[in-house]
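Student: Structure supplied as entry.cif; contents: mmCIF, C-alpha atoms.
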```
data_model
#
loop_
_atom_site.group_PDB
_atom_site.id
_atom_site.type_symbol
_atom_site.label_atom_id
_atom_site.label_comp_id
_atom_site.auth_asym_id
_atom_site.auth_seq_id
_atom_site.Cartn_x
_atom_site.Cartn_y
_atom_site.Cartn_z
ATOM 1 C CA MET T 14 -42.664 -63.648 16.254
ATOM 2 C CA SER T 15 -43.158 -61.507 13.188
ATOM 3 C CA ALA T 16 -45.672 -62.214 10.486
ATOM 4 C CA HIS T 17 -47.980 -60.405 8.103
ATOM 5 C CA LEU T 18 -51.450 -59.658 9.365
ATOM 6 C CA PRO T 19 -53.958 -62.174 8.007
ATOM 7 C CA THR T 20 -56.596 -60.954 5.594
ATOM 8 C CA HIS T 21 -60.201 -61.453 6.616
ATOM 9 C CA SER T 22 -63.468 -60.783 4.891
ATOM 10 C CA GLY T 23 -66.627 -59.793 6.623
ATOM 11 C CA GLY T 24 -65.939 -56.139 7.505
ATOM 12 C CA VAL T 25 -66.039 -55.151 11.166
ATOM 13 C CA ALA T 26 -66.989 -58.638 12.369
ATOM 14 C CA GLY T 27 -64.050 -60.186 10.527
ATOM 15 C CA LEU T 28 -61.663 -57.562 11.906
ATOM 16 C CA ALA T 29 -62.943 -58.096 15.441
ATOM 17 C CA THR T 30 -62.493 -61.850 15.101
ATOM 18 C CA SER T 31 -58.972 -61.412 13.708
ATOM 19 C CA ARG T 32 -58.049 -59.445 16.843
ATOM 20 C CA LEU T 33 -60.058 -61.431 19.380
ATOM 21 C CA LEU T 34 -58.430 -64.823 18.819
ATOM 22 C CA PRO T 35 -54.835 -63.525 19.072
ATOM 23 C CA ALA T 36 -55.770 -61.513 22.153
ATOM 24 C CA LEU T 37 -57.317 -64.591 23.775
ATOM 25 C CA ALA T 38 -54.166 -66.547 22.931
ATOM 26 C CA LEU T 39 -52.066 -63.942 24.733
ATOM 27 C CA VAL T 40 -54.417 -63.974 27.721
ATOM 28 C CA PHE T 41 -54.008 -67.762 27.869
ATOM 29 C CA ASN T 42 -50.226 -67.327 27.947
ATOM 30 C CA ALA T 43 -50.465 -64.705 30.700
ATOM 31 C CA PHE T 44 -52.853 -66.931 32.658
ATOM 32 C CA THR T 45 -50.446 -69.870 32.329
ATOM 33 C CA TRP T 46 -47.557 -67.994 33.905
ATOM 34 C CA GLY T 47 -49.804 -66.202 36.365
ATOM 35 C CA VAL T 48 -51.005 -69.450 37.974
ATOM 36 C CA SER T 49 -47.969 -71.666 37.273
ATOM 37 C CA TRP T 50 -46.861 -71.225 40.878
ATOM 38 C CA TRP T 51 -49.626 -73.597 42.034
ATOM 39 C CA PRO T 52 -48.477 -76.815 40.281
ATOM 40 C CA PHE T 53 -44.869 -76.071 41.259
ATOM 41 C CA ARG T 54 -45.878 -75.817 44.906
ATOM 42 C CA GLN T 55 -47.931 -78.991 44.669
ATOM 43 C CA LEU T 56 -44.970 -80.905 43.237
ATOM 44 C CA GLU T 57 -42.632 -79.441 45.865
ATOM 45 C CA GLN T 58 -44.874 -80.970 48.523
ATOM 46 C CA ARG T 59 -44.152 -84.316 46.859
ATOM 47 C CA GLY T 60 -40.429 -83.774 47.346
ATOM 48 C CA LEU T 61 -39.568 -82.240 43.960
ATOM 49 C CA HIS T 62 -37.520 -79.046 44.046
ATOM 50 C CA PRO T 63 -38.874 -76.465 41.536
ATOM 51 C CA LEU T 64 -35.586 -76.594 39.627
ATOM 52 C CA TRP T 65 -35.938 -80.347 39.090
ATOM 53 C CA VAL T 66 -39.529 -79.817 37.966
ATOM 54 C CA THR T 67 -38.475 -77.059 35.550
ATOM 55 C CA ALA T 68 -35.626 -79.139 34.135
ATOM 56 C CA THR T 69 -37.693 -82.268 33.525
ATOM 57 C CA THR T 70 -40.655 -80.324 32.153
ATOM 58 C CA TYR T 71 -38.521 -78.495 29.615
ATOM 59 C CA LEU T 72 -36.597 -81.631 28.683
ATOM 60 C CA VAL T 73 -39.927 -83.147 27.640
ATOM 61 C CA ALA T 74 -40.750 -79.986 25.663
ATOM 62 C CA VAL T 75 -37.342 -80.082 23.947
ATOM 63 C CA ALA T 76 -37.916 -83.734 22.989
ATOM 64 C CA VAL T 77 -41.241 -82.815 21.383
ATOM 65 C CA LEU T 78 -39.644 -79.909 19.491
ATOM 66 C CA LEU T 79 -36.836 -82.166 18.283
ATOM 67 C CA LEU T 80 -39.378 -84.588 16.849
ATOM 68 C CA ALA T 81 -41.341 -81.798 15.166
ATOM 69 C CA ARG T 82 -38.438 -79.541 14.073
ATOM 70 C CA PRO T 83 -35.146 -81.503 14.211
ATOM 71 C CA ARG T 84 -33.221 -78.799 12.337
ATOM 72 C CA ALA T 85 -34.006 -76.204 15.009
ATOM 73 C CA LEU T 86 -31.331 -77.578 17.326
ATOM 74 C CA LEU T 87 -28.693 -77.356 14.585
ATOM 75 C CA GLU T 88 -29.629 -73.739 13.947
ATOM 76 C CA VAL T 89 -29.212 -72.951 17.643
ATOM 77 C CA LEU T 90 -25.862 -74.734 17.858
ATOM 78 C CA ARG T 91 -24.584 -72.879 14.786
ATOM 79 C CA THR T 92 -25.741 -69.442 15.995
ATOM 80 C CA PRO T 93 -23.699 -68.135 18.952
ATOM 81 C CA THR T 94 -26.035 -65.162 19.478
ATOM 82 C CA LEU T 95 -28.858 -67.607 20.199
ATOM 83 C CA TRP T 96 -26.765 -69.000 23.043
ATOM 84 C CA VAL T 97 -27.399 -65.727 24.864
ATOM 85 C CA LEU T 98 -31.120 -66.426 24.456
ATOM 86 C CA VAL T 99 -30.545 -69.922 25.865
ATOM 87 C CA VAL T 100 -28.969 -68.469 29.016
ATOM 88 C CA ALA T 101 -31.513 -65.647 29.340
ATOM 89 C CA ALA T 102 -34.575 -67.865 28.900
ATOM 90 C CA GLY T 103 -33.109 -70.555 31.125
ATOM 91 C CA THR T 104 -32.317 -68.116 33.916
ATOM 92 C CA THR T 105 -35.777 -66.571 33.621
ATOM 93 C CA ASN T 106 -37.562 -69.883 34.040
ATOM 94 C CA ALA T 107 -35.288 -71.217 36.766
ATOM 95 C CA THR T 108 -35.441 -68.094 38.932
ATOM 96 C CA PHE T 109 -39.134 -67.313 38.431
ATOM 97 C CA ASN T 110 -40.338 -70.860 39.107
ATOM 98 C CA TRP T 111 -38.084 -71.109 42.144
ATOM 99 C CA ALA T 112 -39.139 -67.705 43.494
ATOM 100 C CA VAL T 113 -42.909 -68.249 43.231
ATOM 101 C CA THR T 114 -42.524 -71.630 44.938
ATOM 102 C CA VAL T 115 -40.685 -70.332 48.018
ATOM 103 C CA GLY T 116 -41.759 -66.688 48.266
ATOM 104 C CA ASP T 117 -44.834 -64.486 48.492
ATOM 105 C CA VAL T 118 -46.253 -64.763 44.976
ATOM 106 C CA VAL T 119 -47.629 -61.204 44.854
ATOM 107 C CA ARG T 120 -44.314 -59.684 45.894
ATOM 108 C CA VAL T 121 -42.327 -61.949 43.551
ATOM 109 C CA VAL T 122 -44.437 -61.103 40.506
ATOM 110 C CA LEU T 123 -44.287 -57.362 41.200
ATOM 111 C CA LEU T 124 -40.490 -57.424 41.447
ATOM 112 C CA PHE T 125 -40.272 -59.658 38.391
ATOM 113 C CA TYR T 126 -42.167 -57.047 36.387
ATOM 114 C CA LEU T 127 -39.423 -54.447 36.785
ATOM 115 C CA MET T 128 -38.700 -55.330 33.162
ATOM 116 C CA PRO T 129 -39.127 -51.728 31.859
ATOM 117 C CA LEU T 130 -36.122 -50.708 33.966
ATOM 118 C CA TRP T 131 -33.908 -53.543 32.727
ATOM 119 C CA ALA T 132 -35.150 -53.259 29.131
ATOM 120 C CA VAL T 133 -34.101 -49.608 28.917
ATOM 121 C CA LEU T 134 -30.619 -50.445 30.210
ATOM 122 C CA LEU T 135 -30.190 -53.447 27.905
ATOM 123 C CA ALA T 136 -31.668 -51.953 24.729
ATOM 124 C CA ARG T 137 -28.918 -49.328 24.570
ATOM 125 C CA PRO T 138 -25.904 -51.695 24.173
ATOM 126 C CA LEU T 139 -27.734 -54.581 22.461
ATOM 127 C CA LEU T 140 -30.110 -52.761 20.111
ATOM 128 C CA GLY T 141 -28.458 -49.366 19.860
ATOM 129 C CA GLU T 142 -31.603 -47.604 21.072
ATOM 130 C CA ARG T 143 -31.224 -44.116 22.496
ATOM 131 C CA ILE T 144 -32.450 -43.509 26.039
ATOM 132 C CA HIS T 145 -35.107 -40.794 25.714
ATOM 133 C CA PRO T 146 -37.119 -38.902 28.372
ATOM 134 C CA GLN T 147 -40.070 -41.314 28.206
ATOM 135 C CA ALA T 148 -37.736 -44.207 28.978
ATOM 136 C CA LEU T 149 -36.280 -42.315 31.936
ATOM 137 C CA LEU T 150 -39.808 -41.767 33.256
ATOM 138 C CA ARG T 151 -40.449 -45.523 33.102
ATOM 139 C CA VAL T 152 -37.170 -46.189 34.905
ATOM 140 C CA ALA T 153 -38.129 -43.718 37.645
ATOM 141 C CA LEU T 154 -41.578 -45.295 38.092
ATOM 142 C CA ALA T 155 -40.153 -48.827 38.195
ATOM 143 C CA LEU T 156 -37.432 -47.869 40.684
ATOM 144 C CA ALA T 157 -39.917 -46.055 42.904
ATOM 145 C CA GLY T 158 -42.219 -49.082 42.846
ATOM 146 C CA ALA T 159 -39.363 -51.429 43.757
ATOM 147 C CA LEU T 160 -38.320 -49.203 46.661
ATOM 148 C CA VAL T 161 -41.866 -49.131 47.988
ATOM 149 C CA VAL T 162 -42.242 -52.928 47.760
ATOM 150 C CA LEU T 163 -38.853 -53.609 49.349
ATOM 151 C CA TRP T 164 -38.991 -50.903 52.026
ATOM 152 C CA PRO T 165 -39.067 -52.329 55.587
ATOM 153 C CA THR T 166 -42.607 -52.423 56.912
ATOM 154 C CA ASP T 167 -41.535 -50.800 60.192
ATOM 155 C CA GLY T 168 -39.795 -47.979 58.324
ATOM 156 C CA HIS T 169 -36.401 -48.726 59.843
ATOM 157 C CA GLY T 170 -33.331 -50.674 58.748
ATOM 158 C CA SER T 171 -32.146 -51.549 55.267
ATOM 159 C CA LEU T 172 -34.224 -52.657 52.307
ATOM 160 C CA ALA T 173 -35.871 -56.012 53.006
ATOM 161 C CA LEU T 174 -34.345 -58.166 50.251
ATOM 162 C CA GLY T 175 -34.951 -61.884 50.795
ATOM 163 C CA ALA T 176 -33.906 -64.885 48.721
ATOM 164 C CA ALA T 177 -37.178 -64.954 46.774
ATOM 165 C CA ASP T 178 -36.858 -61.209 46.117
ATOM 166 C CA ALA T 179 -33.346 -61.656 44.715
ATOM 167 C CA LEU T 180 -34.551 -64.501 42.487
ATOM 168 C CA ALA T 181 -37.453 -62.356 41.259
ATOM 169 C CA LEU T 182 -35.158 -59.435 40.425
ATOM 170 C CA LEU T 183 -32.722 -61.713 38.584
ATOM 171 C CA GLY T 184 -35.647 -63.345 36.777
ATOM 172 C CA GLY T 185 -37.020 -59.991 35.648
ATOM 173 C CA PHE T 186 -33.608 -58.884 34.395
ATOM 174 C CA SER T 187 -33.081 -62.124 32.463
ATOM 175 C CA PHE T 188 -36.624 -61.894 31.042
ATOM 176 C CA ALA T 189 -35.873 -58.403 29.774
ATOM 177 C CA LEU T 190 -32.671 -59.770 28.217
ATOM 178 C CA ASN T 191 -34.737 -62.608 26.731
ATOM 179 C CA ASN T 192 -37.150 -60.138 25.111
ATOM 180 C CA VAL T 193 -34.365 -57.884 23.815
ATOM 181 C CA MET T 194 -32.580 -60.882 22.290
ATOM 182 C CA LEU T 195 -35.827 -62.051 20.664
ATOM 183 C CA ARG T 196 -36.063 -58.659 18.976
ATOM 184 C CA ARG T 197 -32.397 -58.718 17.975
ATOM 185 C CA GLU T 198 -32.658 -62.256 16.568
ATOM 186 C CA SER T 199 -36.052 -61.775 14.912
ATOM 187 C CA GLN T 200 -34.626 -62.977 11.594
ATOM 188 C CA ARG T 201 -34.047 -66.461 13.014
ATOM 189 C CA SER T 202 -36.713 -69.123 12.550
ATOM 190 C CA GLU T 203 -39.438 -69.358 15.188
ATOM 191 C CA SER T 204 -38.563 -73.008 15.776
ATOM 192 C CA ALA T 205 -34.922 -72.110 16.539
ATOM 193 C CA ARG T 206 -35.943 -69.374 18.953
ATOM 194 C CA ALA T 207 -38.398 -71.734 20.646
ATOM 195 C CA MET T 208 -35.692 -74.393 20.875
ATOM 196 C CA ALA T 209 -33.304 -71.873 22.438
ATOM 197 C CA MET T 210 -35.894 -70.866 25.020
ATOM 198 C CA PHE T 211 -37.043 -74.368 25.955
ATOM 199 C CA GLY T 212 -33.494 -75.704 25.774
ATOM 200 C CA GLY T 213 -32.352 -72.943 28.087
ATOM 201 C CA GLY T 214 -35.114 -73.782 30.545
ATOM 202 C CA ALA T 215 -33.880 -77.366 30.629
ATOM 203 C CA VAL T 216 -30.105 -76.766 30.658
ATOM 204 C CA VAL T 217 -29.898 -73.929 33.191
ATOM 205 C CA SER T 218 -32.398 -75.481 35.619
ATOM 206 C CA LEU T 219 -30.714 -78.880 35.387
ATOM 207 C CA ALA T 220 -27.251 -77.407 35.945
ATOM 208 C CA VAL T 221 -28.329 -75.420 39.019
ATOM 209 C CA ALA T 222 -30.373 -78.344 40.374
ATOM 210 C CA LEU T 223 -27.379 -80.667 40.100
ATOM 211 C CA LEU T 224 -25.140 -78.094 41.788
ATOM 212 C CA LEU T 225 -27.547 -77.531 44.676
ATOM 213 C CA THR T 226 -28.147 -81.247 45.126
ATOM 214 C CA HIS T 227 -24.416 -82.010 45.098
ATOM 215 C CA SER T 228 -23.797 -79.319 47.738
ATOM 216 C CA GLY T 229 -26.632 -80.575 49.921
ATOM 217 C CA GLN T 230 -28.765 -77.442 49.511
ATOM 218 C CA ALA T 231 -31.505 -79.322 47.646
ATOM 219 C CA SER T 232 -32.719 -82.880 47.896
ATOM 220 C CA ALA T 233 -32.404 -85.300 45.008
ATOM 221 C CA PRO T 234 -35.703 -86.048 43.263
ATOM 222 C CA PRO T 235 -37.527 -89.067 44.688
ATOM 223 C CA ALA T 236 -38.377 -92.122 42.614
ATOM 224 C CA PRO T 237 -41.036 -91.040 40.113
ATOM 225 C CA THR T 238 -44.607 -92.097 40.668
ATOM 226 C CA ALA T 239 -47.331 -92.338 38.056
ATOM 227 C CA ALA T 240 -48.943 -89.163 39.425
ATOM 228 C CA VAL T 241 -45.696 -87.187 39.255
ATOM 229 C CA VAL T 242 -44.904 -88.393 35.727
ATOM 230 C CA ALA T 243 -48.410 -87.463 34.603
ATOM 231 C CA SER T 244 -48.033 -84.028 36.201
ATOM 232 C CA ILE T 245 -44.707 -83.397 34.450
ATOM 233 C CA LEU T 246 -46.136 -84.431 31.073
ATOM 234 C CA ALA T 247 -49.195 -82.255 31.622
ATOM 235 C CA LEU T 248 -47.013 -79.268 32.554
ATOM 236 C CA ALA T 249 -44.859 -79.779 29.464
ATOM 237 C CA ALA T 250 -47.925 -79.881 27.230
ATOM 238 C CA TRP T 251 -49.370 -76.810 28.963
ATOM 239 C CA PHE T 252 -46.156 -74.799 28.571
ATOM 240 C CA LEU T 253 -45.785 -75.831 24.934
ATOM 241 C CA ALA T 254 -49.358 -74.778 24.214
ATOM 242 C CA SER T 255 -48.722 -71.511 26.047
ATOM 243 C CA ASN T 256 -45.610 -70.828 23.965
ATOM 244 C CA LEU T 257 -47.501 -71.534 20.743
ATOM 245 C CA ALA T 258 -50.294 -69.233 21.905
ATOM 246 C CA LEU T 259 -47.765 -66.471 22.584
ATOM 247 C CA GLN T 260 -46.233 -66.806 19.135
ATOM 248 C CA PHE T 261 -49.697 -66.920 17.489
ATOM 249 C CA GLY T 262 -50.906 -63.822 19.300
ATOM 250 C CA ALA T 263 -47.706 -61.772 19.078
ATOM 251 C CA ALA T 264 -47.442 -62.365 15.330
ATOM 252 C CA ARG T 265 -50.928 -60.961 14.711
ATOM 253 C CA LEU T 266 -51.156 -57.985 17.037
ATOM 254 C CA ALA T 267 -49.141 -54.792 17.388
ATOM 255 C CA ALA T 268 -46.210 -55.058 19.796
ATOM 256 C CA HIS T 269 -47.661 -52.549 22.257
ATOM 257 C CA THR T 270 -50.981 -54.423 22.278
ATOM 258 C CA THR T 271 -49.165 -57.657 23.057
ATOM 259 C CA ALA T 272 -47.284 -56.009 25.918
ATOM 260 C CA VAL T 273 -50.477 -54.541 27.417
ATOM 261 C CA VAL T 274 -52.245 -57.917 27.352
ATOM 262 C CA MET T 275 -49.253 -59.673 28.915
ATOM 263 C CA ILE T 276 -49.415 -57.358 31.943
ATOM 264 C CA THR T 277 -52.551 -59.286 32.933
ATOM 265 C CA GLU T 278 -50.140 -61.938 34.265
ATOM 266 C CA VAL T 279 -49.671 -59.693 37.315
ATOM 267 C CA PHE T 280 -53.394 -59.794 38.042
ATOM 268 C CA PHE T 281 -53.744 -63.535 37.418
ATOM 269 C CA ALA T 282 -50.818 -64.242 39.738
ATOM 270 C CA SER T 283 -51.884 -61.810 42.453
ATOM 271 C CA GLY T 284 -55.537 -62.827 42.388
ATOM 272 C CA SER T 285 -54.849 -66.560 42.485
ATOM 273 C CA ALA T 286 -52.178 -66.202 45.172
ATOM 274 C CA ILE T 287 -54.353 -64.072 47.439
ATOM 275 C CA ALA T 288 -57.334 -66.396 46.960
ATOM 276 C CA LEU T 289 -55.295 -69.506 47.772
ATOM 277 C CA GLY T 290 -53.198 -68.025 50.578
ATOM 278 C CA ALA T 291 -49.847 -67.911 48.741
ATOM 279 C CA GLY T 292 -49.512 -64.139 48.879
ATOM 280 C CA HIS T 293 -50.975 -61.031 50.425
ATOM 281 C CA LEU T 294 -51.618 -57.527 49.170
ATOM 282 C CA ASN T 295 -51.094 -54.820 51.772
ATOM 283 C CA GLY T 296 -51.092 -51.087 51.190
ATOM 284 C CA GLN T 297 -47.341 -50.983 50.636
ATOM 285 C CA ASN T 298 -47.412 -53.683 47.952
ATOM 286 C CA ALA T 299 -50.465 -52.064 46.362
ATOM 287 C CA VAL T 300 -48.728 -48.694 45.980
ATOM 288 C CA GLY T 301 -45.522 -50.283 44.714
ATOM 289 C CA GLY T 302 -47.525 -52.485 42.366
ATOM 290 C CA VAL T 303 -49.342 -49.507 40.852
ATOM 291 C CA LEU T 304 -46.007 -47.801 40.130
ATOM 292 C CA ILE T 305 -44.427 -50.925 38.622
ATOM 293 C CA VAL T 306 -47.461 -51.808 36.504
ATOM 294 C CA SER T 307 -47.679 -48.178 35.363
ATOM 295 C CA ALA T 308 -44.071 -48.367 34.149
ATOM 296 C CA ALA T 309 -44.833 -51.601 32.278
ATOM 297 C CA ALA T 310 -48.016 -50.102 30.797
ATOM 298 C CA LEU T 311 -46.123 -47.010 29.634
ATOM 299 C CA ALA T 312 -43.506 -49.199 27.990
ATOM 300 C CA ALA T 313 -46.265 -51.081 26.196
ATOM 301 C CA TRP T 314 -48.145 -47.940 25.166
ATOM 302 C CA GLN T 315 -45.052 -46.128 23.910
ATOM 303 C CA GLY T 316 -44.121 -49.220 21.911
ATOM 304 C CA ASP T 317 -40.434 -49.480 22.838
#
```
Can the structure from this file be put into structure tokens for me?
Tutor:
Amino acid sequence: MSAHLPTHSGGVAGLATSRLLPALALVFNAFTWGVSWWPFRQLEQRGLHPLWVTATTYLVAVAVLLLARPRALLEVLRTPTLWVLVVAAGTTNATFNWAVTVGDVVRVVLLFYLMPLWAVLLARPLLGERIHPQALLRVALALAGALVVLWPTDGHGSLALGAADALALLGGFSFALNNVMLRRESQRSESARAMAMFGGGAVVSLAVALLLTHSGQASAPPAPTAAVVASILALAAWFLASNLALQFGAARLAAHTTAVVMITEVFFASGSAIALGAGHLNGQNAVGGVLIVSAAALAAWQGD
């Protein structure tokens, strides 16, 4: 995720091009995760639980990485700290993909983006970063936004926390842990970190899918059809390309610029969900969303 800025000739035009391509790569990554709910819902209608889809998709991605970088798996196995990244990335993918399949996509994405709150809490023990007033402001904004989103619409009773909400909150926490661990393990090779993330997506999703299926809470995947196999392969290729785009863009732009661009995922997800009837944006969600996105934008702008 870290690399020297490339040198370009051509003055202002060359500089603009050097920034435009990485920015577009990051937008592609944000778009991928912003609209990923749609293929997961389509496959669920064919009888595939989102956890089974996640597991098989990432198993394909891991197979491709093993062919391209076989030593990456050994590096992960020999590095216990990367195992935390395996669990964090796996939990992120399993919970997010599950949540956007069964819940209101707008609400799920807003709760998922409480990352500034979790990042502040995790950066202290894992990175040794001091909690300063700006961080406390972000925590306050994120908490206020979450309370607004979760507050009962009739104004009475306890906070309205459903299953999809809980998955979104857990996904946001694990994503923050994922990002903190990426920073902590920045000296590891990119291929090892990618293997840890894709491997986690496969292992955690597969483990939970097997558990739910064994307990009767999820149905076993049906016999694969040509259409389903093609969809899984296409998703794997899409997610791999998205990961490569993220690494390309993040290595060539400042960290706060990367974070600002990635916030566009909220708008891709909300816009697509509202347009296709998978979510709705009322006044309560709008106010909560502004507070949550403001906290994320502050975290990006302040660069920590």
Student: With region 273-293 of chain T as the partner and 10 Å as the cut-off, tabulate the residues of region 111-218 of chain T that qualify, each row holding the nearest pair of atoms and their distance in Å to one decimal, using all atoms listed in the file, sorted by chain and rising number, as CSV.
Tutor:
```
residue,atom,partner,partner_atom,distance
T:Val113,CA,T:Ala291,CA,8.9
T:Thr114,CA,T:Ala291,CA,9.1
T:Val115,CA,T:Ala291,CA,9.5
T:Gly116,CA,T:Gly292,CA,8.2
T:Asp117,CA,T:Gly292,CA,4.7
T:Val118,CA,T:Gly292,CA,5.1
T:Val119,CA,T:Ser283,CA,4.9
T:Arg120,CA,T:Gly292,CA,7.5
T:Val121,CA,T:Gly292,CA,9.2
T:Val122,CA,T:Val279,CA,6.3
T:Leu123,CA,T:Val279,CA,7.0
T:Phe125,CA,T:Val279,CA,9.5
T:Tyr126,CA,T:Val279,CA,8.0
```
Student: Could you give me, as JSON, numbers by chain, the residues within 10 Å of Ala312 (chain T), counting all atoms listed in the file and dropping anything in the same chain fewer than 5 positions from it?
Tutor: {"T": [128, 129, 130, 132, 133, 147, 148, 150, 151, 152, 269, 272, 273, 306, 307, 317]}
Student: Restricting it to C-alpha atoms, dump the selection as a PDB file, in the coordinates of the input.
Tutor:
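Contents of result_21.pdb, freshly written:
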```
ATOM      1  CA  MET T 128     -38.700 -55.330  33.162  1.00  0.00           C
ATOM      2  CA  PRO T 129     -39.127 -51.728  31.859  1.00  0.00           C
ATOM      3  CA  LEU T 130     -36.122 -50.708  33.966  1.00  0.00           C
ATOM      4  CA  ALA T 132     -35.150 -53.259  29.131  1.00  0.00           C
ATOM      5  CA  VAL T 133     -34.101 -49.608  28.917  1.00  0.00           C
ATOM      6  CA  GLN T 147     -40.070 -41.314  28.206  1.00  0.00           C
ATOM      7  CA  ALA T 148     -37.736 -44.207  28.978  1.00  0.00           C
ATOM      8  CA  LEU T 150     -39.808 -41.767  33.256  1.00  0.00           C
ATOM      9  CA  ARG T 151     -40.449 -45.523  33.102  1.00  0.00           C
ATOM     10  CA  VAL T 152     -37.170 -46.189  34.905  1.00  0.00           C
ATOM     11  CA  HIS T 269     -47.661 -52.549  22.257  1.00  0.00           C
ATOM     12  CA  ALA T 272     -47.284 -56.009  25.918  1.00  0.00           C
ATOM     13  CA  VAL T 273     -50.477 -54.541  27.417  1.00  0.00           C
ATOM     14  CA  VAL T 306     -47.461 -51.808  36.504  1.00  0.00           C
ATOM     15  CA  SER T 307     -47.679 -48.178  35.363  1.00  0.00           C
ATOM     16  CA  ASP T 317     -40.434 -49.480  22.838  1.00  0.00           C
TER      17      ASP T 317
END
```
Student: Identify which of the residues T:Pro63, T:Gly47, T:Gly212, T:Gly301 lies closest to Trp164 (chain T), counting only C-alpha atoms when measuring atom-to-atom distances.
Tutor: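 The shortest atom-to-atom distance to Trp164 (chain T) comes from T:Gly301.
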Student: Run through the PyMOL selection byres ((chain T and resi 94-102) around 10) on the given coordinates and return the selected residues as number ranges by chain.
Tutor: T: 88-93, 103-107, 184, 186-195, 197-198, 201, 205-217
Student: Go through T:Ser204, T:Ala157, T:Gly302, T:Leu183 and flag the residue nearest Pro83 (chain T), using only C-alpha atoms for the distances.
Tutor: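 Nearest candidate to Pro83 (chain T) out of T:Ser204, T:Ala157, T:Gly302, T:Leu183: T:Ser204.
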Student: Taking all listed atoms of region 61-77 of chain T, build the axis-aligned box, pad each of the six sides by 8 Å, then write its centre and edge lengths in Å to one decimal as lines of an AutoDock Vina configuration file.
Tutor:
```
center_x = -38.4
center_y = -80.1
center_z = 32.7
size_x = 21.7
size_y = 23.3
size_z = 38.7
```
Student: Neighbouring residues of Leu61 (chain T) were defined as those with any atom within 10 Å, considering all atoms listed in the file; residues of the same chain fewer than 6 positions away were excluded. Please report them as a list in words.
Tutor: Phe53, Arg54, Gln55, Thr67, Ala231, Ser232, Ala233, Pro234, Pro235, Pro237 and Val241 of chain T
Student: Between T:Leu219, T:Leu79, T:Leu124, T:Ala313, which residue has the minimum interatomic distance to Ala177 (chain T), considering all atoms listed in the file?
Tutor: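 Of T:Leu219, T:Leu79, T:Leu124, T:Ala313, the one nearest Ala177 (chain T) is T:Leu124, counting all atoms listed in the file.
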Student: Can you measure CA of Thr70 (chain T) to CA of Ala243 (chain T) for me? One decimal in Å is fine.
Tutor: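 Taking CA of Thr70 (chain T) and CA of Ala243 (chain T), their separation equals 10.8 Å.
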